[in-house]
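Colleague: Sharing a structure below in structure tokens format, with a few things to ask.
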Amino acid sequence: MTDPSDSDASPLFEAKAFDEPSVFAPEALMENARRQKDLPERPVPDVCVLDPDGDVVRQLAATGAAREDETWPGYHTDLYRFERGGEEFGIVGRAVGASFAVLVAEQLFAAGCDLLVSVTSSGRIVPREDPPYFVLIERALRDEGTSHHYRSSGRYARLDPDLRDSVERACESVSRPVYAGATWTTDAPFRETETAIERARSEGVLAVEMEAAALYAFAEARDRPVVCFAHVTNQMGQTEEDFEKGEADGSRDALEVIDAAAAAWRGSD
């Protein structure tokens with residue numbers, strides 16, 4: 001009998017039994033967190049936001065517009081609540097990277113979330129204009145590990161087409177330009193080599209980020225609505241004044257696209 005440990009093949013691409021339920025479930029993690037921390041069960045808002053950079057959370061908290069939810073049972077994160085247009089949102093900051101983003105997404109949906117919006121800073125690949133601007137991510141190149149645990153085939157993970165159409169229309173009214181297109185999701189930002197960048201550029205990829213492919217694969221596998229935006233803020237450190245997001249560290253612009261996504265989703269009900 002062959003010892004699997006002698007194989008040179010990565011287990012990432014071996015059979016995953018995609019239809020088989022996981023032994024470890026987000027509900028179990030959260031139930032035990034509540035027990036250990038003596039927390040009451042409280043659902044999160046219908047619309048929740050992932051803010052990998054943490055700039056939106058910081059600005060909301062600094063202005064008193066957001067308050068920490070002391071009942072959130074996440075071991076690794078803090079959840080804040082804030083209101084926009086009379087609607088309550090939840091937001092989690094600094095969940096950077098594919099695996100962390102999906103870990104939090106699983107927990108949020110298990111806790112009552114109905115729509116998840118992610119807004120992550122990204123580097124420009126194929127230019128649309130000078131940063132900052134946004135990309136509504138239609139499809140994301142799966143150059144990370146997490147998506148391959150949720151679904152097998154496909155070079156790209158994709159936004160639900162009906163959600164994409166309604167969100168794109170809603171984004172026509174936001175202040176910053178929003179371009180629909182593809183991104184490249186990578187686990188290794190400091191391995192963005194010229195060869196890898198040129199591959200992405202040859203496929204018409206607009207920007208590089210770290211979460212969208214995994215979030216979209218999760219969304220498809222779990223049948224959950226997830227919308228990802230890339231906030232194109234830099235040219236991967238190739239200019240002297242890179243990584244500038246604009247006023248209030250880009251949080252006001254980010255909140256506009258979050259509002260647009262939420263309004264589009266609510267209007268589709």
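By order in the structure tokens, chains are A, B, ...; within a chain, residues start at 1; ligands start at 1, following the order shown.
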Near range 78-89 of chain A, counting only C-alpha atoms, which residues have an atom at most 6 Å away, once you skip same-chain residues fewer than 4 positions from it, shown as a ChimeraX atom specification?

Modeller: /A:45,47-48,66-69

Colleague: As a ChimeraX atom specification, please: every residue in range 19-115 of chain A that a backbone DSSP assignment puts in helix (DSSP H, G or I).

Modeller: /A:26-37,55-62,98-110

Colleague: Taking N, CA, C and O atoms for each residue, export the selection above as a short mmCIF file (atom, residue, chain, number, x, y, z; two decimals), in the first residue's frame.

Modeller:
data_model
loop_
_atom_site.label_atom_id
_atom_site.label_comp_id
_atom_site.auth_asym_id
_atom_site.auth_seq_id
_atom_site.Cartn_x
_atom_site.Cartn_y
_atom_site.Cartn_z
N PRO A 26 -19.47 26.53 12.47
CA PRO A 26 -19.38 27.84 13.12
C PRO A 26 -20.34 27.97 14.29
O PRO A 26 -20.03 28.65 15.27
N GLU A 27 -21.49 27.33 14.21
CA GLU A 27 -22.45 27.39 15.31
C GLU A 27 -21.86 26.83 16.60
O GLU A 27 -22.10 27.36 17.70
N ALA A 28 -21.08 25.75 16.47
CA ALA A 28 -20.47 25.14 17.65
C ALA A 28 -19.43 26.07 18.27
O ALA A 28 -19.34 26.20 19.50
N LEU A 29 -18.63 26.71 17.43
CA LEU A 29 -17.62 27.64 17.93
C LEU A 29 -18.28 28.78 18.70
O LEU A 29 -17.86 29.14 19.81
N MET A 30 -19.34 29.32 18.13
CA MET A 30 -19.99 30.48 18.75
C MET A 30 -20.75 30.09 20.01
O MET A 30 -20.77 30.84 20.99
N GLU A 31 -21.37 28.92 20.00
CA GLU A 31 -22.07 28.46 21.19
C GLU A 31 -21.10 28.30 22.36
O GLU A 31 -21.41 28.70 23.50
N ASN A 32 -19.93 27.77 22.10
CA ASN A 32 -18.95 27.60 23.17
C ASN A 32 -18.34 28.92 23.59
O ASN A 32 -18.02 29.11 24.77
N ALA A 33 -18.18 29.85 22.65
CA ALA A 33 -17.69 31.18 23.02
C ALA A 33 -18.68 31.87 23.95
O ALA A 33 -18.29 32.50 24.95
N ARG A 34 -19.97 31.76 23.64
CA ARG A 34 -20.98 32.36 24.52
C ARG A 34 -20.95 31.72 25.91
O ARG A 34 -21.07 32.41 26.93
N ARG A 35 -20.79 30.40 25.93
CA ARG A 35 -20.75 29.70 27.22
C ARG A 35 -19.55 30.14 28.05
O ARG A 35 -19.67 30.46 29.24
N GLN A 36 -18.38 30.20 27.42
CA GLN A 36 -17.16 30.55 28.14
C GLN A 36 -17.17 31.99 28.61
O GLN A 36 -16.64 32.32 29.68
N LYS A 37 -17.76 32.88 27.79
CA LYS A 37 -17.75 34.31 28.11
C LYS A 37 -19.04 34.78 28.78
O LYS A 37 -19.18 35.97 29.08
N ASP A 55 -10.07 50.79 8.40
CA ASP A 55 -10.21 52.25 8.35
C ASP A 55 -11.65 52.70 8.58
O ASP A 55 -11.89 53.72 9.24
N VAL A 56 -12.61 51.96 8.05
CA VAL A 56 -14.00 52.34 8.22
C VAL A 56 -14.40 52.21 9.69
O VAL A 56 -15.03 53.10 10.27
N VAL A 57 -14.01 51.09 10.31
CA VAL A 57 -14.31 50.89 11.73
C VAL A 57 -13.69 52.00 12.57
O VAL A 57 -14.35 52.56 13.46
N ARG A 58 -12.44 52.32 12.30
CA ARG A 58 -11.76 53.35 13.10
C ARG A 58 -12.46 54.69 12.98
O ARG A 58 -12.65 55.40 13.97
N GLN A 59 -12.83 55.07 11.76
CA GLN A 59 -13.49 56.36 11.56
C GLN A 59 -14.86 56.39 12.22
O GLN A 59 -15.23 57.38 12.86
N LEU A 60 -15.62 55.33 12.09
CA LEU A 60 -16.94 55.28 12.72
C LEU A 60 -16.83 55.35 14.23
O LEU A 60 -17.59 56.07 14.90
N ALA A 61 -15.89 54.60 14.80
CA ALA A 61 -15.72 54.60 16.25
C ALA A 61 -15.22 55.95 16.75
O ALA A 61 -15.66 56.45 17.79
N ALA A 62 -14.30 56.55 16.00
CA ALA A 62 -13.71 57.83 16.42
C ALA A 62 -14.74 58.95 16.43
O ALA A 62 -14.64 59.89 17.24
N ALA A 98 -7.84 35.55 2.75
CA ALA A 98 -8.94 34.67 2.38
C ALA A 98 -9.44 33.83 3.53
O ALA A 98 -10.65 33.77 3.80
N SER A 99 -8.54 33.16 4.23
CA SER A 99 -8.99 32.23 5.27
C SER A 99 -9.65 32.97 6.44
O SER A 99 -10.68 32.53 6.95
N PHE A 100 -9.10 34.11 6.83
CA PHE A 100 -9.67 34.88 7.93
C PHE A 100 -11.03 35.45 7.53
O PHE A 100 -12.00 35.42 8.30
N ALA A 101 -11.11 35.97 6.30
CA ALA A 101 -12.37 36.55 5.83
C ALA A 101 -13.50 35.51 5.83
O ALA A 101 -14.62 35.79 6.25
N VAL A 102 -13.20 34.31 5.36
CA VAL A 102 -14.24 33.27 5.30
C VAL A 102 -14.55 32.75 6.69
O VAL A 102 -15.70 32.42 7.00
N LEU A 103 -13.56 32.67 7.57
CA LEU A 103 -13.82 32.29 8.96
C LEU A 103 -14.86 33.22 9.57
O LEU A 103 -15.83 32.77 10.19
N VAL A 104 -14.69 34.53 9.36
CA VAL A 104 -15.62 35.51 9.92
C VAL A 104 -16.96 35.46 9.18
O VAL A 104 -18.03 35.57 9.79
N ALA A 105 -16.92 35.27 7.86
CA ALA A 105 -18.17 35.18 7.09
C ALA A 105 -19.03 34.03 7.58
O ALA A 105 -20.26 34.17 7.74
N GLU A 106 -18.42 32.88 7.81
CA GLU A 106 -19.17 31.73 8.33
C GLU A 106 -19.86 32.10 9.66
O GLU A 106 -21.03 31.77 9.88
N GLN A 107 -19.13 32.77 10.52
CA GLN A 107 -19.67 33.12 11.84
C GLN A 107 -20.79 34.15 11.71
O GLN A 107 -21.82 34.05 12.40
N LEU A 108 -20.61 35.14 10.84
CA LEU A 108 -21.63 36.17 10.69
C LEU A 108 -22.95 35.60 10.17
O LEU A 108 -24.03 35.92 10.68
N PHE A 109 -22.88 34.75 9.16
CA PHE A 109 -24.11 34.16 8.64
C PHE A 109 -24.74 33.22 9.66
O PHE A 109 -25.97 33.15 9.77
N ALA A 110 -23.93 32.51 10.42
CA ALA A 110 -24.47 31.66 11.47
C ALA A 110 -25.15 32.47 12.56
O ALA A 110 -26.05 31.97 13.25
#

Colleague: Could you give me, as a tab-separated table, a per-residue list for range 179-234 of chain A showing, wherever an atom lies at most 9 Å from an atom of range 254-268 of chain A, the closest pair of atoms and their distance in Å to one decimal, using only C-alpha atoms and sorting by chain then residue number from low to high?

Modeller:
residue	atom	partner	partner_atom	distance
A:Pro225	CA	A:Trp265	CA	8.7
A:Val227	CA	A:Ala261	CA	7.3
A:Phe229	CA	A:Val257	CA	8.1
A:His231	CA	A:Ala254	CA	7.8

Colleague: Limited to all heavy atoms, could you put the picked residues into a file as a PDB file, in the first residue's frame?

Modeller:
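Full text of result.pdb as output:
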ATOM      1  N   PRO A 225     -25.620  35.474   0.000  1.00  0.00           N
ATOM      2  CA  PRO A 225     -25.268  36.646  -0.805  1.00  0.00           C
ATOM      3  C   PRO A 225     -24.053  37.393  -0.246  1.00  0.00           C
ATOM      4  O   PRO A 225     -24.067  37.849   0.902  1.00  0.00           O
ATOM      5  CB  PRO A 225     -26.532  37.513  -0.738  1.00  0.00           C
ATOM      6  CG  PRO A 225     -27.202  37.113   0.536  1.00  0.00           C
ATOM      7  CD  PRO A 225     -26.845  35.679   0.787  1.00  0.00           C
ATOM      8  N   VAL A 227     -21.106  40.368  -1.581  1.00  0.00           N
ATOM      9  CA  VAL A 227     -20.654  41.327  -2.595  1.00  0.00           C
ATOM     10  C   VAL A 227     -19.283  41.850  -2.173  1.00  0.00           C
ATOM     11  O   VAL A 227     -19.113  42.307  -1.042  1.00  0.00           O
ATOM     12  CB  VAL A 227     -21.627  42.511  -2.736  1.00  0.00           C
ATOM     13  CG1 VAL A 227     -21.116  43.499  -3.781  1.00  0.00           C
ATOM     14  CG2 VAL A 227     -23.028  42.023  -3.099  1.00  0.00           C
ATOM     15  N   PHE A 229     -16.019  44.429  -3.039  1.00  0.00           N
ATOM     16  CA  PHE A 229     -15.463  45.586  -3.737  1.00  0.00           C
ATOM     17  C   PHE A 229     -13.959  45.649  -3.485  1.00  0.00           C
ATOM     18  O   PHE A 229     -13.499  45.407  -2.361  1.00  0.00           O
ATOM     19  CB  PHE A 229     -16.075  46.891  -3.226  1.00  0.00           C
ATOM     20  CG  PHE A 229     -17.523  47.088  -3.559  1.00  0.00           C
ATOM     21  CD1 PHE A 229     -18.518  46.721  -2.654  1.00  0.00           C
ATOM     22  CD2 PHE A 229     -17.905  47.667  -4.766  1.00  0.00           C
ATOM     23  CE1 PHE A 229     -19.855  46.917  -2.942  1.00  0.00           C
ATOM     24  CE2 PHE A 229     -19.254  47.865  -5.063  1.00  0.00           C
ATOM     25  CZ  PHE A 229     -20.228  47.488  -4.150  1.00  0.00           C
ATOM     26  N   HIS A 231     -11.107  48.399  -3.354  1.00  0.00           N
ATOM     27  CA  HIS A 231     -10.843  49.839  -3.285  1.00  0.00           C
ATOM     28  C   HIS A 231      -9.415  50.038  -3.788  1.00  0.00           C
ATOM     29  O   HIS A 231      -8.452  49.784  -3.069  1.00  0.00           O
ATOM     30  CB  HIS A 231     -10.989  50.315  -1.847  1.00  0.00           C
ATOM     31  CG  HIS A 231     -11.065  51.793  -1.696  1.00  0.00           C
ATOM     32  ND1 HIS A 231     -11.260  52.415  -0.481  1.00  0.00           N
ATOM     33  CD2 HIS A 231     -10.988  52.807  -2.611  1.00  0.00           C
ATOM     34  CE1 HIS A 231     -11.288  53.722  -0.654  1.00  0.00           C
ATOM     35  NE2 HIS A 231     -11.114  53.984  -1.931  1.00  0.00           N
TER      36      HIS A 231
END

Colleague: Using only C-alpha atoms, which of A:Ala217, A:Val49, A:Ala111, A:Leu136 sits nearest Val178 in chain A?

Modeller: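 Closest to Val178 in chain A, using only C-alpha atoms: A:Leu136.
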
Colleague: Could you give me, as a PyMOL selection string, each residue of range 40-269 of chain A that DSSP assigns to strand (DSSP E) when run on this structure's backbone?

Modeller: chain A and resi 47-51+66-68+79-84+87-93+115-124+133-143+156-158+178-186+207-209+226-234

Colleague: To one decimal in Å, tell me the separation between CA of Gly250 in chain A and CA of Glu211 in chain A.

Modeller: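 The value is 18.8 Å.
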
Colleague: When you draw a straight line from CA of Ser10 in chain A to CA of His148 in chain A, how long is it in Å?

Modeller: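 It comes out at 11.9 Å.
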
Colleague: From the list A:Ala182, A:Ala157, A:Val117, A:Val23, which residue is nearest Ser202 in chain A when using only C-alpha atoms?

Modeller: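 Under the stated criterion, the closest residue is A:Ala182.
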
Colleague: What separation in Å, quoted to one decimal, exists between CA of Leu116 in chain A and CA of Asp51 in chain A?

Modeller: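 Those two atoms sit 10.9 Å apart.
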
Colleague: Which of these residues is nearest to Val226 in chain A, using only C-alpha atoms: A:Val44, A:Leu12, A:Ala180, A:Ala213?

Modeller: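 So, comparing all the options, the nearest one is A:Ala213.
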
Colleague: When you look at Tyr216 in chain A with a cut-off of 10 Å (counting only C-alpha atoms), what residues show up, excluding the ones that are within fewer than 3 positions of it in the same chain? I need them as a PyMOL selection string.

Modeller: chain A and resi 102+137-140+142+147+150+156-160+211-213+219-228

Colleague: Please save C-alpha atoms of the selected residues as a CSV table (one decimal), in the first residue's frame.

Modeller:
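As a result, result_19.csv now contains:
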chain,number,residue,atom,x,y,z
A,102,VAL,CA,-14.2,33.3,5.3
A,137,ILE,CA,-15.6,42.4,-8.3
A,138,GLU,CA,-17.5,40.2,-10.8
A,139,ARG,CA,-15.0,37.4,-10.7
A,140,ALA,CA,-11.8,36.7,-8.8
A,142,ARG,CA,-8.5,31.8,-7.4
A,147,SER,CA,-11.8,28.6,-2.1
A,150,TYR,CA,-15.5,25.1,-0.8
A,156,TYR,CA,-12.4,32.1,-11.2
A,157,ALA,CA,-15.0,32.5,-8.4
A,158,ARG,CA,-17.9,34.7,-9.4
A,159,LEU,CA,-20.4,37.1,-8.0
A,160,ASP,CA,-24.0,36.0,-8.4
A,211,GLU,CA,-10.2,37.9,0.0
A,212,ALA,CA,-12.7,37.9,-2.9
A,213,ALA,CA,-12.2,34.5,-4.5
A,219,ALA,CA,-21.1,32.3,-1.1
A,220,GLU,CA,-21.8,29.8,-3.9
A,221,ALA,CA,-21.3,26.7,-1.7
A,222,ARG,CA,-23.4,28.0,1.2
A,223,ASP,CA,-25.9,29.8,-1.0
A,224,ARG,CA,-25.3,33.1,0.7
A,225,PRO,CA,-25.3,36.6,-0.8
A,226,VAL,CA,-21.8,38.2,-0.7
A,227,VAL,CA,-20.7,41.3,-2.6
A,228,CYS,CA,-17.0,42.2,-2.8

Colleague: Which residues are close to Gly204 in chain A, i.e. within 10 Å by only C-alpha atoms, leaving aside same-chain residues fewer than 4 positions away? Reply as a PyMOL selection string.

Modeller: chain A and resi 125-127+181-183+198-200

Colleague: Keeping only N, CA, C and O atoms, take the residues you just selected and write them out as a PDB file, in the first residue's frame.

Modeller:
ATOM      1  N   ILE A 125      -3.798  46.686 -11.366  1.00  0.00           N
ATOM      2  CA  ILE A 125      -3.144  45.854 -12.382  1.00  0.00           C
ATOM      3  C   ILE A 125      -3.364  46.476 -13.760  1.00  0.00           C
ATOM      4  O   ILE A 125      -2.435  46.991 -14.374  1.00  0.00           O
ATOM      5  N   VAL A 126      -4.596  46.416 -14.257  1.00  0.00           N
ATOM      6  CA  VAL A 126      -4.954  47.120 -15.492  1.00  0.00           C
ATOM      7  C   VAL A 126      -5.603  48.437 -15.096  1.00  0.00           C
ATOM      8  O   VAL A 126      -6.638  48.444 -14.427  1.00  0.00           O
ATOM      9  N   PRO A 127      -5.013  49.561 -15.464  1.00  0.00           N
ATOM     10  CA  PRO A 127      -5.520  50.849 -14.970  1.00  0.00           C
ATOM     11  C   PRO A 127      -6.842  51.243 -15.602  1.00  0.00           C
ATOM     12  O   PRO A 127      -7.105  50.987 -16.771  1.00  0.00           O
ATOM     13  N   GLY A 181     -15.536  44.399 -12.831  1.00  0.00           N
ATOM     14  CA  GLY A 181     -14.470  43.667 -13.492  1.00  0.00           C
ATOM     15  C   GLY A 181     -13.868  42.600 -12.608  1.00  0.00           C
ATOM     16  O   GLY A 181     -14.403  42.260 -11.550  1.00  0.00           O
ATOM     17  N   ALA A 182     -12.724  42.083 -13.056  1.00  0.00           N
ATOM     18  CA  ALA A 182     -12.074  40.954 -12.397  1.00  0.00           C
ATOM     19  C   ALA A 182     -10.930  41.415 -11.498  1.00  0.00           C
ATOM     20  O   ALA A 182     -10.299  42.457 -11.742  1.00  0.00           O
ATOM     21  N   THR A 183     -10.683  40.633 -10.461  1.00  0.00           N
ATOM     22  CA  THR A 183      -9.501  40.831  -9.617  1.00  0.00           C
ATOM     23  C   THR A 183      -8.738  39.518  -9.502  1.00  0.00           C
ATOM     24  O   THR A 183      -9.222  38.456  -9.868  1.00  0.00           O
ATOM     25  N   GLU A 198       1.930  39.920 -14.836  1.00  0.00           N
ATOM     26  CA  GLU A 198       1.690  39.890 -16.277  1.00  0.00           C
ATOM     27  C   GLU A 198       0.625  38.857 -16.637  1.00  0.00           C
ATOM     28  O   GLU A 198      -0.192  39.083 -17.531  1.00  0.00           O
ATOM     29  N   ARG A 199       0.620  37.724 -15.943  1.00  0.00           N
ATOM     30  CA  ARG A 199      -0.436  36.728 -16.168  1.00  0.00           C
ATOM     31  C   ARG A 199      -1.798  37.348 -15.889  1.00  0.00           C
ATOM     32  O   ARG A 199      -2.734  37.208 -16.685  1.00  0.00           O
ATOM     33  N   ALA A 200      -1.921  38.029 -14.756  1.00  0.00           N
ATOM     34  CA  ALA A 200      -3.192  38.662 -14.410  1.00  0.00           C
ATOM     35  C   ALA A 200      -3.559  39.740 -15.425  1.00  0.00           C
ATOM     36  O   ALA A 200      -4.714  39.841 -15.858  1.00  0.00           O
TER      37      ALA A 200
END

Colleague: Ala230 in chain A: which residues within 9 Å, counting only C-alpha atoms, same-chain residues fewer than 2 positions away excluded, as a ChimeraX atom specification?

Modeller: /A:118-123,133-137,183,207-209,212,228,232-233
